[in-house]
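Single-structure report; data block below.
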Amino acid sequence: MLERLISVETTKPVSASSSNYIKTIMAEDLKAGRVKEIVTRFPPEPNGYLHIGHAKSICLNFELADEFGGRTHLRFDDTNPLKEDTEYVESIKEDVKWLGFDWEKLFFASDFFEEMYNRAVLLIRKGKAYVCDLTAEQIRETRGTLTEPGKESPYRNRSVEENLDLFERMRKGEFQNGEKVLRAKIDMASPNINMRDPVLYRISHAHHHNTGDKWCIYPMYDYAHPLEDAIEGVTHSICTMEFADHRPLYDWVVRECEMECVPQQYEFGRLNLTNTVMSKRKLKQLVDEKLVDGWDDPRMPTISGLRRKGYTPEAIRELCREVGVVKTNNSVVDDKLLEHFIREDLKLKAPRTMAVLQPLKVVITNYPEGQVEMLDAEINPENEAMGTRQIPFSREIYIERDDFMEEPPKGYHRLFPGNEVRLKHAYFIKCEEVIKDADGNVVELRCTYDPETKSGSGFTGRKVKGTIHWVEATSAKPAEFRLYEPLILDYNMEESESFLDKVNPNSLEILHGYVEDNMKNAKPYDKFQMFRHGYFNVDPKHTTTDKLVFNRIVSLKSSFQVK
């Protein structure tokens, strides 16, 4: 069952116990003396918020380095000023630290722009790069196909002197966007399209979040990334499988730029989840079109969204470890596996409480008016060390509306006229009368209680089949409850450009009910298990001193079992 959850669409099952081949390589490299210290890096582009897929890369880089006593850098690959923002930089820092990791050093690709420029000049001097006047569309048209070689640019054989002059003038801002690029001179007939004279620099007259207006030419990712690794002293450059075909270019850049440090690139399969999208462009579209409540909407697969919903870093790290490190492109993890790990993490941590999400008032007619008694209740029956709490009980309480039916079907064991149920932690009550409004809607129940049936008293005179939860009415605190379903109703949206028609219109349900009085001091990010409803987190965005808002993290049970 676990294999099915981890690999929904692979042709071969992915085992949760698959060996981590990168870890094996690191151990061999240290033993053979090829490296003296393991140095990794997490290199996000600051063009959006991190998502659950990035969490796997974060955990892999930091945990591998930690295991071997090495170090990990946080580096922002900020080579595209048109899409980057300091908001994204700060959110990424927060996410990495929230997951439980800290970096040895913080770098920006833009810190190395001068060095990258000088290495590009070196390539030109060696006859390994040239300035090309073809447009982006013309470059695509002449690149060839998987079965046909590309065509050489008519500017490919410019002299070194002319290329040096043009490249310097590009830097000085003499040309417009798209007018010229710097390309590597490799092989237009290479079977690897990435090696067919790839673009190294393009012109972009745009303000950069870190360097301001100092530069108007910017390095392409495939050129900047290996240089950054080499400059930082990275030993093992870990990336996702889509970069496997880029590895020859990675090695070419490091070699031809004559870098002293020679990092090695290794690839692993991305973490994809069912019923979601992992493209930052698509996630940004959801935000921009206001289909969600920002990047941190609890329905989003972003780390900030998962945090706001109530997920813990422990649960996310455990998921990443369980999925393992495999070399496959199309493995998709069932999103219910993530739910399994948050249940496992919270079951011993989260205090139990009672909440009524759709309240129906109950008056216990034979209970003394004005009397309030305190009843004992365990804080967490699975963790006795958390102790007990006391909850008030009186003549008026609220129960869940769907815990009563006037004409119940066979086998219904909750409250109905003439039936008796147990109130959790309290007494047996029996429904005697149903009060309706002018439209025939049930608005109140009149019940009686049996004082001999107090919970914990040892009463064994008779049994009831149903137990329902409740909240004492006079002390209950109003609360808003947000219940979530998957935002995307599809198993593999990454293959589709059009995905908005798959957005679930029922992904959010907002209910208004009550919580116990002892919840009045609940703070943002506090987590609770609410009897029968699931695990909830106090929403940090909409909760105020006068209004409690709870996000349901996950229901109590799932339809599958992890073995």
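By order in the structure tokens, chains are A, B, ...; within a chain, residues start at 1; ligands start at 1, following the order shown.
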Using only C-alpha atoms, which residues sit within 12 Å of region 554-556 of chain A once same-chain residues fewer than 4 positions away are excluded, as a ChimeraX atom specification?
-> /A:298-299,306,309-311,335-347,352,482-486,527-537,550
Near Pro524 (chain A), counting only C-alpha atoms, which residues have an atom at most 6 Å away, once you skip same-chain residues fewer than 4 positions from it, shown as a PDB file with all heavy atoms, in the first residue's frame?
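Written out: out_34.pdb:
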ATOM      1  N   VAL A 538      -4.884  27.143  14.780  1.00  0.00           N
ATOM      2  CA  VAL A 538      -5.369  28.512  14.888  1.00  0.00           C
ATOM      3  C   VAL A 538      -4.761  29.340  13.760  1.00  0.00           C
ATOM      4  O   VAL A 538      -3.541  29.464  13.663  1.00  0.00           O
ATOM      5  CB  VAL A 538      -5.016  29.128  16.255  1.00  0.00           C
ATOM      6  CG1 VAL A 538      -5.544  30.558  16.341  1.00  0.00           C
ATOM      7  CG2 VAL A 538      -5.581  28.284  17.385  1.00  0.00           C
ATOM      8  N   ASP A 539      -5.613  29.868  12.902  1.00  0.00           N
ATOM      9  CA  ASP A 539      -5.147  30.597  11.723  1.00  0.00           C
ATOM     10  C   ASP A 539      -4.431  31.885  12.132  1.00  0.00           C
ATOM     11  O   ASP A 539      -4.986  32.707  12.877  1.00  0.00           O
ATOM     12  CB  ASP A 539      -6.328  30.937  10.817  1.00  0.00           C
ATOM     13  CG  ASP A 539      -5.882  31.599   9.533  1.00  0.00           C
ATOM     14  OD1 ASP A 539      -5.508  30.863   8.614  1.00  0.00           O
ATOM     15  OD2 ASP A 539      -5.883  32.849   9.457  1.00  0.00           O
ATOM     16  N   PRO A 540      -3.194  32.092  11.644  1.00  0.00           N
ATOM     17  CA  PRO A 540      -2.431  33.286  12.047  1.00  0.00           C
ATOM     18  C   PRO A 540      -2.833  34.551  11.305  1.00  0.00           C
ATOM     19  O   PRO A 540      -2.478  35.651  11.725  1.00  0.00           O
ATOM     20  CB  PRO A 540      -0.997  32.888  11.701  1.00  0.00           C
ATOM     21  CG  PRO A 540      -1.154  31.967  10.525  1.00  0.00           C
ATOM     22  CD  PRO A 540      -2.418  31.198  10.776  1.00  0.00           C
TER      23      PRO A 540
END
Between A:Phe108, A:Tyr250, A:Tyr427, A:Phe459, which has the minimum distance to Val262 (chain A) (counting only C-alpha atoms)?
->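 When distances to Val262 (chain A) are compared using only C-alpha atoms, the smallest one comes from A:Tyr250.
Shortest separation to Asp78 (chain A) among A:Asp111, A:Asp229, A:Asp526, A:Glu444 occurs at residue A:Asp111, atoms counted being only C-alpha atoms.
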Could you write out, as a PyMOL selection string, all the residues of region 276-469 of chain A that DSSP marks as strand (DSSP E)?
-> chain A and resi 332-333+352-353+355-356+359-364+373-378+388-393+396-400+420-423+428-436+442-450+467-468
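Interatomic distance, CA of Lys430 (chain A) to CA of Pro417 (chain A): 7.8 Å.
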Could you give me, as a list in words, the residues within 8 Å of region 453-456 of chain A, counting only C-alpha atoms and dropping anything in the same chain fewer than 4 positions from it?
->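 Those residues are Lys424, His425, Ala426, Tyr427 and Phe428 of chain A.
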Nearby residues (only C-alpha atoms) at most 9 Å from Pro392 (chain A), same-chain spacing under 3 positions excluded, as a ChimeraX atom specification | /A:372-375,471-472,475,516-517
Out of region 3-214 of chain A, which residues get alpha helix (DSSP H) from DSSP, as a ChimeraX atom specification?
-> /A:3-6,21-32,52-67,86-98,113-125,136-141,160-172
Go through A:Met300, A:Asn419, A:Met405, A:Val363 one by one, measure the shortest atom-to-atom distance of each to Asn275 (chain A) using only C-alpha atoms, and give the residue with the smallest value.
-> A:Met300
Tell me which of A:Thr211, A:Ser304, A:Thr24, A:Asn194 sits closest to Ala55 (chain A), counting only C-alpha atoms.
-> A:Ser304
Which of these, A:Thr142, A:Asn163, A:Thr274, A:Ser279, has the shortest distance to Val333 (chain A) once you count only C-alpha atoms?
->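 Result for the nearest residue to Val333 (chain A): A:Thr274.
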Skipping near chain neighbours, those fewer than 4 positions away, what residues fall within 10 Å of Leu487 (chain A) using only C-alpha atoms, listed as number ranges by chain?
-> A: 275-277, 291-292, 298-301, 502-508
Minimum-distance residue to Thr353 (chain A), chosen among A:His469, A:His207, A:Lys185, A:His51 (using only C-alpha atoms) = A:His469
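Non-sequential neighbours of Asn521 (chain A) (distance at most 12 Å, separation of 6 or more positions within a chain, only C-alpha atoms) are Lys477, Val515, Val538, Thr543, Thr544, Thr545, Asp546, Lys547 and Leu548 of chain A.
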Enumerate, in order of chain and increasing residue number, the residues of region 226-332 of chain A with an atom no farther than 10 Å from region 92-104 of chain A, each with its shortest atom pair and distance in Å to one decimal, counting only C-alpha atoms, as CSV.
residue,atom,partner,partner_atom,distance
A:Thr302,CA,A:Asp95,CA,9.5
A:Ile303,CA,A:Asp95,CA,6.4
A:Ser304,CA,A:Asp95,CA,6.8
A:Arg307,CA,A:Trp98,CA,8.8
A:Thr312,CA,A:Leu99,CA,8.2
A:Pro313,CA,A:Leu99,CA,4.8
A:Glu314,CA,A:Leu99,CA,7.7
A:Ala315,CA,A:Leu99,CA,9.8
A:Ile316,CA,A:Leu99,CA,8.0
A:Arg317,CA,A:Leu99,CA,7.5
Can you pull out every residue within 8 Å of Gly178 (chain A), counting only C-alpha atoms, but drop anything in the same chain fewer than 5 positions away, and send it as a ChimeraX atom specification?
-> /A:135-136,202-204
